[in-house]
Amino acid sequence: MKNTLYSNSQIQAIHHGKGSMMVLAGPGSGKTTVITGRTKYLIEEFGVNPSNILVITFTKAAALEMQTRFEKMISSKSMVTFGTFHAVFFKILKYAYNYSADNILREELKYQYIREIIERMGLEYEDENEFINSILSEISMVKGDMISIDHYYSKNCSDVVFKKIYEKYEQKLRIINKIDFDDMLVMCYELLKAREDILKLWQDKYKYILIDEFQDINKVQYEVIKMLAKPLNNLFIVGDDDQSIYRFRGARPEIMINFTRDFPETVTVVLRENYRSTGNIVKASSKLIANNRNRFNKEIVSANEEGELVVLQEFNSHMEENERIIELIKKHLRDGGKLSDIAILFRTNIGPRYLVHKFMENNIAFRMKDSLPNIYEHWIAKNIITYIMFSLGKRNRGDFFTIMNKPNRYISRDAVSETEVSFEKLEKYYFDKEWMLDRIGKLEYDLQMLRKMSPYTGITYICKAIGYNEYLKDYAECRHINTEELMDVVEELRELSKPFKSYEEWFQHIEDYEHELRKQADMAWKGHDCIECLTMHSAKGLEYEIVFIIDANEGVTPHKKAVLEDDIEEERRMFYVAMTRAKKRLYIFSTKEQYGKPANVSRFVEDIS
């Protein structure tokens with residue numbers, strides 16, 4: 001092995017002998033190089049049988065990349081096992097229970113079953129997909145953290161409702177003899193705990209275990225790994241506690257931080273060299289993350305030149321922020337650069353909506369790594385548009401159902417029996433209820449008033465005079481959502497509608513915007529040179545010449561949901577991940593207002609400045 005290819009810290013990690021080792025691998029420090037290098041060293045220098053080595057990663061793509069790189073190093077196929085936690089644990093279950101791939105619940109069926117359970121329970125939610133996703137995330141959390149369902153407090157609905165959904169879902173899986181991905185982990189733990197003979201078999205099989213991205217491990221994964229590693233404890237973990245950003249998926253960074261309590265003989269090595277970013281980017285990001293208390297102290301240094309200073313800039317509005325981004329992009333192109341050199345990073349996928357409009361105006365190709373941020377597809381926008389359409393004469397029964405009780409007017413579905421809504425017939429249905437006639441009369445009056453307004457005034461009227469904001473407050477309380485999140489959608493919708501004098505103009509814009517989004521997605525799909533737009537979560541593991549972090553404001557990053565110190569620390573880690581994606585230039589922009597309200601610069605910007 002030519003040691004000149006590696007740094008001193010990488011050599012120390014690769015040449016580690018028996019027993020446990022923790023490798024703290026900072027951004028761009030070559031952790032894949034270390035894992036593949038150590039695997040090769042174990043075989044060639046220690047004489048370890050390749051079939052006794054297990055390398056675990058968190059995604060199938062990462063496992064395949066790791067295996068490909070390793071096999072290039074040794075110029076042949078290998079008997080080393082490269083796989084995800086789920087793949088490895090399912091292999092153990094397969095041998096014990098004769099499971100096959102047919103026993104694994106497909107993702108689309110998982111969604112279908114939860115949807116059916118919700119419908120049978122009579123639960124109604126505005127954004128069904130969002131609610132199903134959040135419920136499935138919580139089910140995964142319960143299993144991954146090995147929590148008793150009786151001691152779990154739901155974040156998305158009442159505890160009684162969540163428990164009922166959970167139990168019905170589990171019952172369904174038992175009936176059809178299927179397991180989901182989280183069951184693989186739990187069942188593997190229970191199997192190895194109960195059957196020492198089976199555990200011994202797999203301990204003898206995997207005498208050397210290497211784990212990548214260890215900071216993302218959850219409780220049940222760790223419990224299984226601890227069992228498999230005994231009694232030799234040849235456990236080689238690689239990760240960065242400063243890049244743990246998946247707590248919402250069950251990741252527990254404290255497992256890595258407390259690793260030496262379980263394995264006191266652990267040798268720790270820090271990969272200090274960052275081969276990706278310039279010195280100034282490394283210094284600024286290190287200054288930021290040093291504000292987290294619950295972490296390993298480490299000094300990261302850049303292997304590159306100092307480079308340009310990180311640009312921290314505050315703008316009066318989103319409009320100014322976006323205009324500056326467009327200017328800098330155009331300059332980069334004039335200087336011979338490519339759009340694909342650039343990434344726009346944001347905390348949530350609603351972040352770039354104003355910027356996307358600007359890209360379209362300037363014919364700048366972009367690719368959304370996450371879902372396309374079409375605000376007009378949001379259920380709040382759909383409700384508001386439906387109100388306006390009814391003011392213009394629409395009378396479809398299905399659409400009327402979506403707005404008739406927002407706010408609650410106590411109108412029964414039975415009162416609307418025909419495909420076209422007739423207010424006259426509605427009044428006849430309630431002829432003996434004066435208070436209902438008042439409510440129906442008020443709705444008719446509001447729709448008449450709404451017809452004459454501009455889009456901006458109309459949205460304001462729906463929310464304040466008609467009482468839609470009151471409905472949003474009640475809905476937020478029911479769903480355990482921060483009301484401000486819903487109000488922000490309303491405010492953004494109002495801001496975007498300002499330039500349009502009539503509903504017809506506004507509707508035409510909505511149609512054009514949707515068409516342009518599809519066109520941009522198609523361009524990205526066909527491999528055009530594009531700017532990459534993605535959330536901080538999605539940016540992990542990637543790198544770009546130039547990075548813009550937009551809307552670095554309090555309430556955005558850290559997110560308004562982050563209240564506890566642990567939450568703030570995770571938000572800071574997310575910002576750190578975003579900063580360390582940049583190789584040469586990093587711009588961090590904030591605004592003095594968000595959705596028409598005054599806004600403060602993020603504390604993370606203050607950490608750096």
# chains A, B, ... in the order shown; residues from 1 in each chain; ligands from 1
call {"tool": "closest_atom_pairs", "arguments": {"of": "region 244-325 of chain A", "to": "region 8-18 of chain A", "cutoff": "9 Å", "atoms": "only C-alpha atoms", "output": "JSON lines"}}
result
{"residue": "A:Val267", "atom": "CA", "partner": "A:His16", "partner_atom": "CA", "distance": 8.6}
{"residue": "A:Thr268", "atom": "CA", "partner": "A:Ala13", "partner_atom": "CA", "distance": 8.7}
{"residue": "A:Val269", "atom": "CA", "partner": "A:Ser9", "partner_atom": "CA", "distance": 6.6}
{"residue": "A:Val270", "atom": "CA", "partner": "A:Ser9", "partner_atom": "CA", "distance": 6.6}
{"residue": "A:Leu271", "atom": "CA", "partner": "A:Ser9", "partner_atom": "CA", "distance": 5.6}
{"residue": "A:Arg272", "atom": "CA", "partner": "A:Ser9", "partner_atom": "CA", "distance": 7.6}
{"residue": "A:Glu273", "atom": "CA", "partner": "A:Ser9", "partner_atom": "CA", "distance": 8.8}
call {"tool": "write_last_selection", "arguments": {"atoms": "C-alpha atoms", "output": "short mmCIF file (atom, residue, chain, number, x, y, z; two decimals), in the first residue's frame"}}
result
data_model
loop_
_atom_site.label_atom_id
_atom_site.label_comp_id
_atom_site.auth_asym_id
_atom_site.auth_seq_id
_atom_site.Cartn_x
_atom_site.Cartn_y
_atom_site.Cartn_z
CA VAL A 267 -9.27 4.19 19.60
CA THR A 268 -10.42 7.54 18.17
CA VAL A 269 -8.91 9.21 15.12
CA VAL A 270 -9.98 12.51 13.55
CA LEU A 271 -9.75 13.07 9.79
CA ARG A 272 -8.93 16.78 10.03
CA GLU A 273 -8.16 17.63 6.41
#
call {"tool": "closest_atom_pairs", "arguments": {"of": "region 299-375 of chain A", "to": "region 597-607 of chain A", "cutoff": "10 Å", "atoms": "only C-alpha atoms", "output": "JSON lines"}}
result
{"residue": "A:Leu312", "atom": "CA", "partner": "A:Val605", "partner_atom": "CA", "distance": 7.5}
{"residue": "A:Gln313", "atom": "CA", "partner": "A:Val605", "partner_atom": "CA", "distance": 9.6}
{"residue": "A:Glu314", "atom": "CA", "partner": "A:Val601", "partner_atom": "CA", "distance": 7.7}
{"residue": "A:Asn316", "atom": "CA", "partner": "A:Pro598", "partner_atom": "CA", "distance": 9.7}
{"residue": "A:Ser317", "atom": "CA", "partner": "A:Pro598", "partner_atom": "CA", "distance": 9.9}
call {"tool": "write_last_selection", "arguments": {"atoms": "N, CA and C atoms", "output": "PDB file, in the first residue's frame"}}
result
ATOM      1  N   LEU A 312     -21.713  37.396   3.547  1.00  0.00           N
ATOM      2  CA  LEU A 312     -22.921  37.470   4.376  1.00  0.00           C
ATOM      3  C   LEU A 312     -23.627  38.770   4.011  1.00  0.00           C
ATOM      4  N   GLN A 313     -24.852  38.689   3.505  1.00  0.00           N
ATOM      5  CA  GLN A 313     -25.526  39.910   3.048  1.00  0.00           C
ATOM      6  C   GLN A 313     -27.010  39.886   3.399  1.00  0.00           C
ATOM      7  N   GLU A 314     -27.501  41.023   3.871  1.00  0.00           N
ATOM      8  CA  GLU A 314     -28.916  41.157   4.218  1.00  0.00           C
ATOM      9  C   GLU A 314     -29.588  42.090   3.208  1.00  0.00           C
ATOM     10  N   ASN A 316     -33.390  44.053   1.790  1.00  0.00           N
ATOM     11  CA  ASN A 316     -34.664  44.587   2.289  1.00  0.00           C
ATOM     12  C   ASN A 316     -35.825  43.634   2.024  1.00  0.00           C
ATOM     13  N   SER A 317     -35.742  42.886   0.924  1.00  0.00           N
ATOM     14  CA  SER A 317     -36.877  42.031   0.533  1.00  0.00           C
ATOM     15  C   SER A 317     -36.379  40.834  -0.263  1.00  0.00           C
TER      16      SER A 317
END
call {"tool": "closest_residue", "arguments": {"among": "A:Phe400, A:Val311, A:Val55, A:Val282", "to": "Tyr587 (chain A)", "atoms": "only C-alpha atoms"}}
result
A:Val311
call {"tool": "residues_around", "arguments": {"residues": "Ile179 (chain A)", "least_positions_apart": "2", "cutoff": "12 Å", "atoms": "only C-alpha atoms", "output": "number ranges by chain"}}
result
A: 86, 90, 93, 99-107, 109-110, 169-177, 181-188
call {"tool": "select_by_dssp", "arguments": {"residues": "region 304-444 of chain A", "states": "helix (DSSP H, G or I)", "output": "JSON, numbers by chain"}}
result
{"A": [318, 319, 320, 321, 322, 323, 324, 325, 326, 327, 328, 329, 330, 331, 332, 333, 334, 339, 340, 341, 353, 354, 355, 356, 357, 358, 359, 360, 361, 375, 376, 377, 379, 380, 381, 382, 383, 384, 385, 386, 387, 388, 389, 390, 391, 397, 398, 399, 400, 401, 402, 403, 413, 414, 415, 423, 424, 425, 426, 427, 428, 429, 434, 435, 436, 437, 438, 439, 440, 441, 442, 443, 444]}
call {"tool": "residues_around", "arguments": {"residues": "region 507-509 of chain A", "least_positions_apart": "3", "cutoff": "12 Å", "atoms": "only C-alpha atoms", "output": "PyMOL selection string"}}
result
chain A and resi 357+376+381-382+385-386+388-389+454-455+496-504+512-516
call {"tool": "closest_residue", "arguments": {"among": "A:Arg295, A:Asn322, A:His528, A:Thr348", "to": "Arg573 (chain A)", "atoms": "only C-alpha atoms"}}
result
A:Arg295
call {"tool": "residues_around", "arguments": {"residues": "Phe359 (chain A)", "least_positions_apart": "3", "cutoff": "12 Å", "atoms": "only C-alpha atoms", "output": "list in words"}}
result
Asn322, Glu323, Ile325, Ile326, Glu327, Ile329, Lys330, Leu339, Ile344, Pro352, Arg353, Tyr354, Leu355, Val356, Asn362, Asn363, Ile364, Ala365, Phe366, Arg367, Tyr513, Glu516, Leu517, Gln520, Cys530, Ile531, Glu532 and Cys533 of chain A
call {"tool": "closest_residue", "arguments": {"among": "A:Lys338, A:Arg581, A:Arg413, A:Arg120", "to": "Arg397 (chain A)", "atoms": "only C-alpha atoms"}}
result
A:Arg413
call {"tool": "select_by_dssp", "arguments": {"residues": "region 66-142 of chain A", "states": "strand (DSSP E)", "output": "JSON, numbers by chain"}}
result
{"A": [81, 82, 83, 84]}
call {"tool": "residues_around", "arguments": {"residues": "Tyr461 (chain A)", "least_positions_apart": "2", "cutoff": "12 Å", "atoms": "only C-alpha atoms", "output": "PDB file with N, CA, C and O atoms, in the first residue's frame"}}
result
ATOM      1  N   ILE A 384     -58.745  28.826  -1.588  1.00  0.00           N
ATOM      2  CA  ILE A 384     -58.938  30.241  -1.920  1.00  0.00           C
ATOM      3  C   ILE A 384     -59.388  30.405  -3.374  1.00  0.00           C
ATOM      4  O   ILE A 384     -60.307  31.176  -3.676  1.00  0.00           O
ATOM      5  N   TYR A 387     -63.040  29.494  -3.707  1.00  0.00           N
ATOM      6  CA  TYR A 387     -63.899  30.608  -3.281  1.00  0.00           C
ATOM      7  C   TYR A 387     -64.077  31.604  -4.433  1.00  0.00           C
ATOM      8  O   TYR A 387     -65.191  32.050  -4.738  1.00  0.00           O
ATOM      9  N   ILE A 388     -62.963  31.953  -5.060  1.00  0.00           N
ATOM     10  CA  ILE A 388     -63.014  32.944  -6.143  1.00  0.00           C
ATOM     11  C   ILE A 388     -63.821  32.405  -7.324  1.00  0.00           C
ATOM     12  O   ILE A 388     -64.650  33.119  -7.917  1.00  0.00           O
ATOM     13  N   ASP A 446     -71.019  37.502   0.488  1.00  0.00           N
ATOM     14  CA  ASP A 446     -69.555  37.515   0.391  1.00  0.00           C
ATOM     15  C   ASP A 446     -69.085  37.159  -1.015  1.00  0.00           C
ATOM     16  O   ASP A 446     -68.145  37.772  -1.547  1.00  0.00           O
ATOM     17  N   LEU A 447     -69.745  36.204  -1.628  1.00  0.00           N
ATOM     18  CA  LEU A 447     -69.366  35.802  -2.988  1.00  0.00           C
ATOM     19  C   LEU A 447     -69.642  36.921  -3.994  1.00  0.00           C
ATOM     20  O   LEU A 447     -68.846  37.152  -4.918  1.00  0.00           O
ATOM     21  N   GLN A 448     -70.743  37.651  -3.790  1.00  0.00           N
ATOM     22  CA  GLN A 448     -71.052  38.799  -4.659  1.00  0.00           C
ATOM     23  C   GLN A 448     -69.990  39.885  -4.518  1.00  0.00           C
ATOM     24  O   GLN A 448     -69.531  40.475  -5.498  1.00  0.00           O
ATOM     25  N   MET A 449     -69.580  40.166  -3.274  1.00  0.00           N
ATOM     26  CA  MET A 449     -68.542  41.180  -3.010  1.00  0.00           C
ATOM     27  C   MET A 449     -67.207  40.758  -3.631  1.00  0.00           C
ATOM     28  O   MET A 449     -66.494  41.558  -4.220  1.00  0.00           O
ATOM     29  N   LEU A 450     -66.890  39.480  -3.474  1.00  0.00           N
ATOM     30  CA  LEU A 450     -65.604  38.932  -3.927  1.00  0.00           C
ATOM     31  C   LEU A 450     -65.441  39.068  -5.436  1.00  0.00           C
ATOM     32  O   LEU A 450     -64.329  39.309  -5.934  1.00  0.00           O
ATOM     33  N   ARG A 451     -66.546  38.953  -6.166  1.00  0.00           N
ATOM     34  CA  ARG A 451     -66.519  38.974  -7.624  1.00  0.00           C
ATOM     35  C   ARG A 451     -65.891  40.253  -8.168  1.00  0.00           C
ATOM     36  O   ARG A 451     -65.221  40.239  -9.200  1.00  0.00           O
ATOM     37  N   LYS A 452     -66.050  41.368  -7.465  1.00  0.00           N
ATOM     38  CA  LYS A 452     -65.627  42.671  -7.999  1.00  0.00           C
ATOM     39  C   LYS A 452     -64.175  43.039  -7.640  1.00  0.00           C
ATOM     40  O   LYS A 452     -63.712  44.107  -8.005  1.00  0.00           O
ATOM     41  N   MET A 453     -63.491  42.196  -6.894  1.00  0.00           N
ATOM     42  CA  MET A 453     -62.189  42.576  -6.334  1.00  0.00           C
ATOM     43  C   MET A 453     -61.010  42.134  -7.202  1.00  0.00           C
ATOM     44  O   MET A 453     -61.142  41.291  -8.077  1.00  0.00           O
ATOM     45  N   SER A 454     -59.843  42.701  -6.895  1.00  0.00           N
ATOM     46  CA  SER A 454     -58.590  42.232  -7.500  1.00  0.00           C
ATOM     47  C   SER A 454     -58.149  40.974  -6.743  1.00  0.00           C
ATOM     48  O   SER A 454     -58.626  40.738  -5.620  1.00  0.00           O
ATOM     49  N   PRO A 455     -57.238  40.167  -7.301  1.00  0.00           N
ATOM     50  CA  PRO A 455     -56.801  38.959  -6.589  1.00  0.00           C
ATOM     51  C   PRO A 455     -56.264  39.256  -5.184  1.00  0.00           C
ATOM     52  O   PRO A 455     -56.619  38.561  -4.227  1.00  0.00           O
ATOM     53  N   TYR A 456     -55.437  40.300  -5.058  1.00  0.00           N
ATOM     54  CA  TYR A 456     -54.844  40.623  -3.751  1.00  0.00           C
ATOM     55  C   TYR A 456     -55.933  40.981  -2.734  1.00  0.00           C
ATOM     56  O   TYR A 456     -55.954  40.457  -1.610  1.00  0.00           O
ATOM     57  N   THR A 457     -56.851  41.845  -3.133  1.00  0.00           N
ATOM     58  CA  THR A 457     -57.940  42.259  -2.239  1.00  0.00           C
ATOM     59  C   THR A 457     -58.865  41.084  -1.948  1.00  0.00           C
ATOM     60  O   THR A 457     -59.338  40.903  -0.820  1.00  0.00           O
ATOM     61  N   GLY A 458     -59.100  40.250  -2.971  1.00  0.00           N
ATOM     62  CA  GLY A 458     -59.982  39.099  -2.817  1.00  0.00           C
ATOM     63  C   GLY A 458     -59.449  38.100  -1.802  1.00  0.00           C
ATOM     64  O   GLY A 458     -60.198  37.603  -0.947  1.00  0.00           O
ATOM     65  N   ILE A 459     -58.159  37.803  -1.873  1.00  0.00           N
ATOM     66  CA  ILE A 459     -57.555  36.863  -0.916  1.00  0.00           C
ATOM     67  C   ILE A 459     -57.674  37.422   0.500  1.00  0.00           C
ATOM     68  O   ILE A 459     -58.007  36.707   1.452  1.00  0.00           O
ATOM     69  N   CYS A 463     -59.818  35.724   3.665  1.00  0.00           N
ATOM     70  CA  CYS A 463     -59.154  35.354   4.918  1.00  0.00           C
ATOM     71  C   CYS A 463     -59.693  36.116   6.119  1.00  0.00           C
ATOM     72  O   CYS A 463     -59.854  35.536   7.196  1.00  0.00           O
ATOM     73  N   LYS A 464     -60.012  37.390   5.925  1.00  0.00           N
ATOM     74  CA  LYS A 464     -60.391  38.213   7.080  1.00  0.00           C
ATOM     75  C   LYS A 464     -61.902  38.424   7.197  1.00  0.00           C
ATOM     76  O   LYS A 464     -62.488  38.185   8.257  1.00  0.00           O
ATOM     77  N   ALA A 465     -62.545  38.824   6.126  1.00  0.00           N
ATOM     78  CA  ALA A 465     -63.985  39.115   6.200  1.00  0.00           C
ATOM     79  C   ALA A 465     -64.818  37.830   6.199  1.00  0.00           C
ATOM     80  O   ALA A 465     -65.775  37.689   6.961  1.00  0.00           O
ATOM     81  N   ILE A 466     -64.453  36.899   5.351  1.00  0.00           N
ATOM     82  CA  ILE A 466     -65.204  35.637   5.294  1.00  0.00           C
ATOM     83  C   ILE A 466     -64.856  34.733   6.470  1.00  0.00           C
ATOM     84  O   ILE A 466     -65.681  33.948   6.920  1.00  0.00           O
ATOM     85  N   GLY A 467     -63.626  34.853   6.971  1.00  0.00           N
ATOM     86  CA  GLY A 467     -63.257  34.099   8.176  1.00  0.00           C
ATOM     87  C   GLY A 467     -62.407  32.870   7.927  1.00  0.00           C
ATOM     88  O   GLY A 467     -62.298  31.994   8.782  1.00  0.00           O
ATOM     89  N   TYR A 468     -61.748  32.807   6.753  1.00  0.00           N
ATOM     90  CA  TYR A 468     -60.925  31.637   6.442  1.00  0.00           C
ATOM     91  C   TYR A 468     -59.749  31.501   7.407  1.00  0.00           C
ATOM     92  O   TYR A 468     -59.346  30.379   7.751  1.00  0.00           O
ATOM     93  N   ASN A 469     -59.213  32.643   7.870  1.00  0.00           N
ATOM     94  CA  ASN A 469     -58.101  32.588   8.832  1.00  0.00           C
ATOM     95  C   ASN A 469     -58.512  31.885  10.125  1.00  0.00           C
ATOM     96  O   ASN A 469     -57.704  31.180  10.743  1.00  0.00           O
ATOM     97  N   VAL A 490     -50.640  31.805   3.149  1.00  0.00           N
ATOM     98  CA  VAL A 490     -51.606  32.846   2.764  1.00  0.00           C
ATOM     99  C   VAL A 490     -50.881  34.124   2.368  1.00  0.00           C
ATOM    100  O   VAL A 490     -51.171  34.738   1.334  1.00  0.00           O
ATOM    101  N   ARG A 494     -50.780  36.046  -1.222  1.00  0.00           N
ATOM    102  CA  ARG A 494     -51.182  37.453  -1.389  1.00  0.00           C
ATOM    103  C   ARG A 494     -50.090  38.247  -2.097  1.00  0.00           C
ATOM    104  O   ARG A 494     -50.357  39.006  -3.029  1.00  0.00           O
TER     105      ARG A 494
END
call {"tool": "atom_distance", "arguments": {"atom1": "CA of Val556 (chain A)", "atom2": "CA of Phe589 (chain A)"}}
result
12.2 Å
call {"tool": "closest_residue", "arguments": {"among": "A:Val48, A:Ala61, A:Ala582, A:Ser609", "to": "Gly279 (chain A)", "atoms": "only C-alpha atoms"}}
result
A:Ala582
